[in-house]
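One file, input_11.tsv, is given below (TSV, C-alpha atoms).
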```
chain	number	residue	atom	x	y	z
A	23	MET	CA	-19.01	16.68	6.56
A	24	SER	CA	-21.83	14.16	6.57
A	25	GLY	CA	-22.79	12.26	3.45
A	26	GLU	CA	-19.17	11.64	2.40
A	27	THR	CA	-18.97	9.30	-0.58
A	28	VAL	CA	-16.10	6.95	-1.46
A	29	VAL	CA	-15.53	6.39	-5.19
A	30	TYR	CA	-12.74	4.39	-6.81
A	31	ARG	CA	-12.09	2.19	-9.83
A	32	ASN	CA	-13.24	-1.42	-9.45
A	33	GLU	CA	-9.72	-2.75	-9.83
A	34	MET	CA	-8.96	-1.67	-6.27
A	35	ASN	CA	-11.40	-4.32	-5.06
A	36	LEU	CA	-8.88	-6.89	-6.29
A	37	VAL	CA	-6.34	-5.72	-3.71
A	38	PRO	CA	-6.86	-7.60	-0.40
A	39	LEU	CA	-6.55	-5.50	2.76
A	40	ARG	CA	-4.33	-7.98	4.53
A	41	ARG	CA	-4.39	-7.96	8.32
A	42	PHE	CA	-6.36	-4.71	8.46
A	43	THR	CA	-8.47	-4.36	11.59
A	44	SER	CA	-11.99	-2.95	11.42
A	45	THR	CA	-10.71	0.45	12.59
A	46	GLU	CA	-7.89	0.43	10.04
A	47	VAL	CA	-10.31	-0.33	7.19
A	48	ASP	CA	-12.35	2.72	8.23
A	49	LEU	CA	-9.26	4.94	8.32
A	50	PHE	CA	-8.04	3.63	4.95
A	51	PHE	CA	-11.27	4.40	3.10
A	52	THR	CA	-11.59	7.75	4.84
A	53	LEU	CA	-8.21	8.62	3.32
A	54	CYS	CA	-9.41	7.39	-0.08
A	55	ASN	CA	-12.44	9.63	0.29
A	56	LYS	CA	-10.31	12.70	1.05
A	57	LEU	CA	-7.95	11.99	-1.86
A	58	LYS	CA	-10.57	11.49	-4.58
A	59	GLU	CA	-10.34	13.99	-7.42
A	60	GLN	CA	-7.23	15.57	-5.89
A	61	ASP	CA	-4.86	14.38	-8.62
A	62	THR	CA	-1.46	13.96	-6.93
A	63	ARG	CA	-1.83	16.94	-4.61
A	64	LYS	CA	-0.87	16.43	-0.99
A	65	VAL	CA	-3.94	16.61	1.23
A	66	THR	CA	-3.77	17.64	4.89
A	67	ILE	CA	-6.47	16.32	7.21
A	68	PRO	CA	-6.92	17.47	10.83
A	69	PHE	CA	-7.08	14.65	13.36
A	70	GLU	CA	-10.56	15.68	14.50
A	71	GLU	CA	-11.94	15.50	10.98
A	72	LEU	CA	-10.28	12.15	10.39
A	73	LYS	CA	-11.77	10.80	13.62
A	74	TYR	CA	-15.22	12.11	12.77
A	75	LEU	CA	-15.31	10.74	9.23
A	76	SER	CA	-13.94	7.33	10.22
A	77	ASN	CA	-16.28	7.03	13.22
A	78	TYR	CA	-13.24	6.69	15.47
A	79	TYR	CA	-14.52	6.49	19.04
A	80	THR	CA	-11.35	5.82	21.11
A	81	ARG	CA	-10.47	8.95	23.08
A	82	SER	CA	-6.79	8.15	23.65
A	83	GLN	CA	-4.63	10.29	21.36
A	84	GLU	CA	-1.76	7.85	21.75
A	85	ARG	CA	-3.97	5.00	20.57
A	86	PHE	CA	-5.10	7.07	17.59
A	87	ILE	CA	-1.50	7.85	16.58
A	88	ASN	CA	-0.62	4.17	16.83
A	89	ASP	CA	-3.56	3.24	14.64
A	90	LEU	CA	-2.51	5.81	12.01
A	91	GLU	CA	1.00	4.39	12.03
A	92	HIS	CA	-0.25	0.82	11.73
A	93	VAL	CA	-2.50	1.79	8.82
A	94	TYR	CA	0.45	3.15	6.89
A	95	ASP	CA	2.65	0.14	7.70
A	96	LYS	CA	-0.04	-2.10	6.23
A	97	MET	CA	-0.66	0.21	3.27
A	98	LEU	CA	3.00	-0.18	2.34
A	99	ASN	CA	2.25	-3.86	1.80
A	100	LEU	CA	-0.74	-3.09	-0.44
A	101	THR	CA	0.66	-3.62	-3.89
A	102	TYR	CA	-1.31	-2.86	-7.02
A	103	ILE	CA	-0.14	-5.11	-9.88
A	104	GLU	CA	-0.36	-4.35	-13.60
A	105	ARG	CA	0.34	-7.34	-15.82
A	106	ASN	CA	1.17	-7.13	-19.51
A	107	GLY	CA	2.01	-10.39	-21.24
A	108	ARG	CA	5.13	-11.78	-19.60
A	109	SER	CA	5.90	-8.66	-17.57
A	110	PHE	CA	4.28	-6.96	-14.59
A	111	GLU	CA	4.75	-3.93	-12.37
A	112	LYS	CA	3.91	-3.40	-8.71
A	113	PHE	CA	2.94	-0.05	-7.21
A	114	VAL	CA	2.23	1.27	-3.74
A	115	LEU	CA	-0.98	3.30	-3.68
A	116	PHE	CA	0.17	6.10	-1.39
A	117	THR	CA	3.68	7.54	-1.57
A	118	SER	CA	3.57	10.37	1.00
A	119	TYR	CA	2.34	9.99	4.57
A	120	LYS	CA	3.22	12.43	7.32
A	121	ILE	CA	1.83	12.60	10.85
A	122	ASP	CA	2.32	15.96	12.57
A	123	LEU	CA	1.74	15.71	16.32
A	124	ASP	CA	2.21	19.42	16.95
A	125	GLU	CA	-0.34	20.50	14.32
A	126	GLU	CA	-2.44	17.38	14.95
A	127	CYS	CA	-2.92	16.56	11.31
A	128	LEU	CA	-2.08	13.95	8.69
A	129	SER	CA	-0.71	14.77	5.23
A	130	ILE	CA	-0.98	12.25	2.41
A	131	SER	CA	-0.78	12.00	-1.38
A	132	ILE	CA	-1.36	9.29	-3.98
A	133	ASN	CA	1.22	7.64	-6.21
A	134	SER	CA	1.25	9.48	-9.56
A	135	ASP	CA	1.26	6.12	-11.40
A	136	LEU	CA	-2.04	5.21	-9.74
A	137	LYS	CA	-3.83	8.55	-9.65
A	138	HIS	CA	-6.45	7.16	-12.07
A	139	ILE	CA	-7.72	4.91	-9.26
A	140	LEU	CA	-9.26	7.90	-7.45
A	141	ASN	CA	-9.40	10.56	-10.16
A	142	SER	CA	-11.51	11.31	-13.26
A	143	ILE	CA	-13.66	8.21	-12.77
A	144	THR	CA	-16.43	7.85	-15.35
A	145	ALA	CA	-16.94	4.08	-15.65
A	146	ASP	CA	-16.25	0.75	-13.90
A	147	PHE	CA	-16.26	2.18	-10.41
A	148	THR	CA	-17.37	1.28	-6.90
A	149	LYS	CA	-19.29	3.92	-4.94
A	150	PHE	CA	-20.65	3.89	-1.41
A	151	GLU	CA	-21.45	6.11	1.55
A	152	LEU	CA	-18.52	6.22	3.97
A	153	ARG	CA	-20.82	6.35	6.99
A	154	GLU	CA	-22.48	3.07	5.99
A	155	MET	CA	-19.14	1.29	6.09
A	156	THR	CA	-17.76	2.86	9.27
A	157	HIS	CA	-20.84	1.82	11.25
A	158	LEU	CA	-20.24	-1.85	10.45
A	159	LYS	CA	-18.33	-3.83	13.08
A	160	SER	CA	-16.91	-6.91	11.38
A	161	THR	CA	-13.89	-6.51	9.11
A	162	TYR	CA	-15.34	-9.24	6.89
A	163	ALA	CA	-18.63	-7.35	6.65
A	164	LYS	CA	-16.79	-4.13	5.72
A	165	ASN	CA	-14.82	-5.79	2.94
A	166	MET	CA	-17.81	-7.70	1.58
A	167	PHE	CA	-19.82	-4.46	1.73
A	168	ARG	CA	-17.56	-2.78	-0.83
A	169	LEU	CA	-17.51	-5.85	-3.06
A	170	LEU	CA	-21.31	-6.04	-3.11
A	171	LYS	CA	-21.48	-2.31	-3.81
A	172	GLN	CA	-19.57	-2.98	-7.03
A	173	TYR	CA	-22.53	-5.12	-8.17
A	174	LYS	CA	-25.33	-3.11	-6.58
A	175	HIS	CA	-27.17	-2.70	-9.90
A	176	THR	CA	-27.15	-6.42	-10.71
A	177	GLY	CA	-27.80	-7.89	-7.26
A	178	TYR	CA	-25.65	-10.91	-8.04
A	179	VAL	CA	-22.07	-11.94	-7.31
A	180	LYS	CA	-20.58	-15.41	-7.76
A	181	MET	CA	-17.10	-15.97	-6.37
A	182	ASN	CA	-14.79	-18.94	-6.32
A	183	LEU	CA	-14.23	-19.90	-2.68
A	184	ASP	CA	-10.45	-19.48	-2.95
A	185	ASP	CA	-10.89	-16.03	-4.50
A	186	PHE	CA	-13.34	-15.11	-1.74
A	187	LYS	CA	-10.88	-16.19	0.97
A	188	ASN	CA	-8.08	-14.24	-0.69
A	189	ARG	CA	-10.04	-11.00	-1.12
A	190	LEU	CA	-11.42	-11.02	2.42
A	191	ASP	CA	-8.12	-12.20	3.92
A	192	VAL	CA	-9.68	-15.30	5.48
A	193	PRO	CA	-7.08	-17.42	7.35
A	194	LYS	CA	-5.93	-20.40	5.31
A	195	THR	CA	-6.55	-22.65	8.31
A	196	TYR	CA	-10.30	-21.97	8.26
A	197	GLN	CA	-12.44	-24.90	7.24
A	198	MET	CA	-15.93	-24.42	5.76
A	199	ASN	CA	-17.53	-24.58	9.20
A	200	ASP	CA	-15.22	-21.81	10.40
A	201	ILE	CA	-15.97	-19.70	7.33
A	202	THR	CA	-19.71	-20.12	7.86
A	203	LYS	CA	-19.56	-19.20	11.55
A	204	ARG	CA	-16.87	-16.49	11.61
A	205	VAL	CA	-17.12	-14.95	8.14
A	206	LEU	CA	-20.47	-15.56	6.44
A	207	LYS	CA	-22.64	-15.17	9.56
A	208	PRO	CA	-21.32	-11.66	10.43
A	209	ILE	CA	-21.71	-10.68	6.77
A	210	VAL	CA	-25.38	-11.71	6.70
A	211	ASN	CA	-26.12	-10.25	10.14
A	212	GLU	CA	-24.69	-6.82	9.33
A	213	LEU	CA	-25.28	-6.42	5.61
A	214	SER	CA	-28.87	-7.62	5.45
A	215	ALA	CA	-29.96	-4.20	6.68
A	216	ILE	CA	-28.17	-2.58	3.72
A	217	PHE	CA	-28.70	-5.12	0.92
A	218	ASN	CA	-32.34	-6.21	0.89
A	219	ASN	CA	-33.03	-9.95	0.71
A	220	LEU	CA	-29.33	-10.79	0.96
A	221	SER	CA	-28.74	-14.51	0.56
A	222	ILE	CA	-25.57	-16.60	0.35
A	223	ASN	CA	-25.68	-19.92	-1.47
A	224	LYS	CA	-22.92	-22.52	-1.22
A	225	ILE	CA	-22.31	-24.34	-4.47
A	226	LYS	CA	-20.53	-27.67	-4.48
A	227	ALA	CA	-17.98	-28.79	-7.02
A	228	LYS	CA	-19.27	-30.93	-9.88
A	229	LYS	CA	-17.31	-33.81	-8.48
A	230	GLY	CA	-17.28	-34.38	-4.74
A	231	ARG	CA	-18.89	-32.59	-1.81
A	232	LYS	CA	-16.40	-29.75	-1.46
A	233	ILE	CA	-17.81	-26.19	-1.64
A	234	GLU	CA	-16.31	-24.50	-4.71
A	235	TRP	CA	-18.39	-21.34	-5.17
A	236	LEU	CA	-20.25	-18.78	-3.08
A	237	GLU	CA	-23.21	-17.05	-4.68
A	238	PHE	CA	-24.46	-13.74	-3.26
A	239	THR	CA	-27.89	-12.51	-4.27
A	240	PHE	CA	-29.77	-9.42	-3.13
A	241	GLU	CA	-32.28	-6.87	-4.34
A	242	ALA	CA	-30.58	-4.75	-7.00
A	243	GLU	CA	-30.61	-0.97	-6.74
A	244	LYS	CA	-32.38	0.86	-9.53
A	245	ARG	CA	-30.17	2.95	-11.75
A	246	ILE	CA	-30.76	6.68	-11.80
A	247	HIS	CA	-31.24	7.52	-15.46
A	248	ASN	CA	-30.15	10.82	-16.88
A	249	LYS	CA	-32.33	12.17	-19.68
A	250	ARG	CA	-29.17	13.44	-21.38
A	251	GLN	CA	-27.44	10.04	-21.46
A	252	PRO	CA	-26.51	8.73	-24.93
A	253	GLN	CA	-29.12	6.67	-26.72
A	254	MET	CA	-26.57	3.88	-27.19
A	255	ALA	CA	-27.03	3.01	-23.52
A	256	ASN	CA	-30.66	2.11	-24.23
A	257	ILE	CA	-30.24	-0.11	-27.27
A	258	GLY	CA	-32.39	-3.21	-27.00
A	259	LYS	CA	-34.88	-1.68	-24.56
A	260	SER	CA	-38.47	-1.59	-25.69
A	261	ARG	CA	-39.35	1.48	-23.65
A	262	GLN	CA	-37.25	4.38	-22.50
A	263	TYR	CA	-37.18	5.81	-19.03
A	264	ILE	CA	-38.84	9.22	-18.83
A	265	SER	CA	-37.76	11.60	-16.09
A	266	ARG	CA	-40.69	13.10	-14.21
A	267	GLU	CA	-38.76	16.09	-12.87
A	268	LYS	CA	-40.05	18.47	-15.54
A	269	THR	CA	-43.03	16.57	-16.85
A	270	PRO	CA	-46.00	18.93	-17.27
A	271	LYS	CA	-49.20	18.15	-15.44
A	272	TRP	CA	-51.15	17.32	-18.62
A	273	LEU	CA	-48.68	14.57	-19.52
A	274	GLU	CA	-48.25	13.22	-15.99
A	275	GLU	CA	-52.01	12.73	-15.54
A	276	ARG	CA	-52.48	11.43	-19.10
A	277	THR	CA	-55.65	13.54	-19.43
A	278	TYR	CA	-54.65	15.65	-22.41
A	279	GLU	CA	-57.06	15.71	-25.33
A	280	LYS	CA	-57.01	17.99	-28.33
A	281	PRO	CA	-58.87	21.11	-27.18
A	282	THR	CA	-62.11	22.29	-28.70
A	283	HIS	CA	-62.20	25.62	-30.54
A	284	ASN	CA	-63.53	27.46	-27.48
A	285	GLU	CA	-60.86	25.96	-25.17
A	286	TYR	CA	-57.95	26.45	-27.52
A	287	ASP	CA	-54.96	28.14	-25.86
A	288	PRO	CA	-52.22	29.02	-28.39
A	289	GLN	CA	-49.52	29.28	-25.70
A	290	LEU	CA	-50.41	25.92	-24.16
A	291	GLU	CA	-50.47	24.25	-27.57
A	292	LYS	CA	-47.10	25.78	-28.42
A	293	GLU	CA	-45.56	24.50	-25.18
A	294	ARG	CA	-47.06	21.04	-25.69
A	295	GLU	CA	-45.62	20.72	-29.20
A	296	ALA	CA	-42.19	21.92	-28.03
A	297	PHE	CA	-42.21	19.42	-25.20
A	298	LEU	CA	-43.16	16.53	-27.49
A	299	ARG	CA	-40.36	17.48	-29.89
A	300	GLN	CA	-37.93	17.39	-26.98
A	301	LEU	CA	-39.20	13.95	-25.97
A	302	GLU	CA	-38.44	12.66	-29.45
A	303	VAL	CA	-34.86	13.95	-29.12
A	304	ASP	CA	-34.15	12.80	-25.57
A	305	TRP	CA	-36.06	9.53	-25.35
A	306	GLU	CA	-36.53	8.40	-28.94
A	307	GLU	CA	-37.19	4.68	-29.08
```
Target format structure tokens, applied to this file:
Amino acid sequence: MSGETVVYRNEMNLVPLRRFTSTEVDLFFTLCNKLKEQDTRKVTIPFEELKYLSNYYTRSQERFINDLEHVYDKMLNLTYIERNGRSFEKFVLFTSYKIDLDEECLSISINSDLKHILNSITADFTKFELREMTHLKSTYAKNMFRLLKQYKHTGYVKMNLDDFKNRLDVPKTYQMNDITKRVLKPIVNELSAIFNNLSINKIKAKKGRKIEWLEFTFEAEKRIHNKRQPQMANIGKSRQYISREKTPKWLEERTYEKPTHNEYDPQLEKEREAFLRQLEVDWEE
């Protein structure tokens, strides 16, 4: 059960996890992990598995049950909004939630109107290792972790301060000094080990000294290219990425020269020509 990966559409990052504790954030995304690619099917999760995946360390069963109940109470207040012109709709992400104390398990299913959030995801998604999140301590660090993961291939996020406070559920009473000490400091302390060269820049408004923007920069992750990906994805690039998984030794070492008559190997020459033809198909510039 190690190596569990959470994947969901980016639009879920727009939904603030209001008043969620650090433990409740872990439980919430563990549930998202178990529901991915399950359509609207009800999923049953044993308590022990749920504890293991969410890195739940409190031994008290009563405390665990209370935490599960609190998570659902707060999830009921998570509303996903779809706006269309002058109309909008609000949805609750999960519609079925049952705690069975006798069987020691939790049963849950996703709202059919929102099943696309966790199912059949091919683009515009956030992906991260569940274990990385559950080992973070600060709730602010956990929530910023998933936001930065959305931009892991660019290494850059610029957020309006008000938007930042809303998404991370920062108390409205916090002044900039409070945000720096209680929000930004834990984020840097915990996430610097995950996002290399993480830096947060405060940008002032054009008029006045008030901080208006927060700029997050870090070392971007390299994309894993698939040799079968469409050529449209590489338009504008001067050189294509070549996978080395099946590259023959003569190409990898760049030592191939046209063989002399005595060294000529018909089979080797045939394989070389076939490989070069495949290169032209898969990585044509």
So which one's closest to Asn141 of chain A, A:Thr45, A:Glu241, A:Lys58, A:Val28? Using all atoms listed in the file, please.
-> A:Lys58
Go through A:Tyr119, A:Gly25, A:Asn133, A:Asn35 one by one, measure the shortest atom-to-atom distance of each to Arg168 of chain A using only C-alpha atoms, and give the residue with the smallest value.
-> A:Asn35
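Near Phe116 of chain A, within 12 Å and counting all atoms listed in the file, sit Phe50, Leu53, Cys54, Leu57, Thr62, Arg63, Lys64, Val65, Val93, Tyr94, Asp95, Lys96, Met97, Leu98, Asn99, Leu100, Thr101, Tyr102, Ser129, Ile130, Ser131, Ile132, Asn133, Ser134, Asp135, Leu136, Lys137, Ile139 and Leu140 of chain A; same-chain residues fewer than 6 positions away were not included.
Ranking A:Asn211, A:Arg231, A:Arg245, A:Glu59 by their shortest atom-to-atom distance to Ser142 of chain A, with only C-alpha atoms included, puts A:Glu59 first.
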Can you pull out every residue within 12 Å of Thr80 of chain A, counting all atoms listed in the file, but drop anything in the same chain fewer than 5 positions away, and send it as a list of chain:residue names?
-> A:Thr45, A:Glu70, A:Lys73, A:Tyr74, A:Arg85, A:Phe86, A:Ile87, A:Asn88, A:Asp89
In Å, with one decimal, what is the gap from atom CA of Leu170 of chain A to atom CA of Ser44 of chain A?
-> 17.5 Å
Taking into account all atoms listed in the file, which residue in the set A:Ala145, A:Ile121, A:Ala163, A:Leu115 is nearest to Thr43 of chain A?
-> A:Ala163
Please provide the set of residues having any atom within 10 Å of Asp185 of chain A, restricted to only C-alpha atoms, with same-chain residues fewer than 6 positions apart removed, written as a PyMOL selection string.
-> chain A and resi 36+191+235-236
Go ahead and save the residues from that selection, with C-alpha atoms, as an mmCIF file, in the coordinates of the input.
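The resulting file, selection.cif, is reproduced below:
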```cif
data_model
loop_
_atom_site.group_PDB
_atom_site.id
_atom_site.type_symbol
_atom_site.label_atom_id
_atom_site.label_comp_id
_atom_site.auth_asym_id
_atom_site.auth_seq_id
_atom_site.Cartn_x
_atom_site.Cartn_y
_atom_site.Cartn_z
ATOM 1 C CA LEU A 36 -8.880 -6.890 -6.290
ATOM 2 C CA ASP A 191 -8.120 -12.200 3.920
ATOM 3 C CA TRP A 235 -18.390 -21.340 -5.170
ATOM 4 C CA LEU A 236 -20.250 -18.780 -3.080
#
```
The distance between atom CA of Phe113 of chain A and atom CA of Leu158 of chain A is 29.2 Å
Could you jot down the atom CA of Arg108 of chain A to atom CA of Met34 of chain A separation for me, Å, one decimal place?
-> 21.9 Å
Distance query Lys187 of chain A at most 12 Å, only C-alpha atoms, self and fewer than 3 positions along chain excluded, as a count of residues only = 28
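Among A:Ser160, A:Asn32, A:Asn188, A:Ser118, the residue with the shortest atom-to-atom distance to Phe147 of chain A, counting only C-alpha atoms, is A:Asn32.
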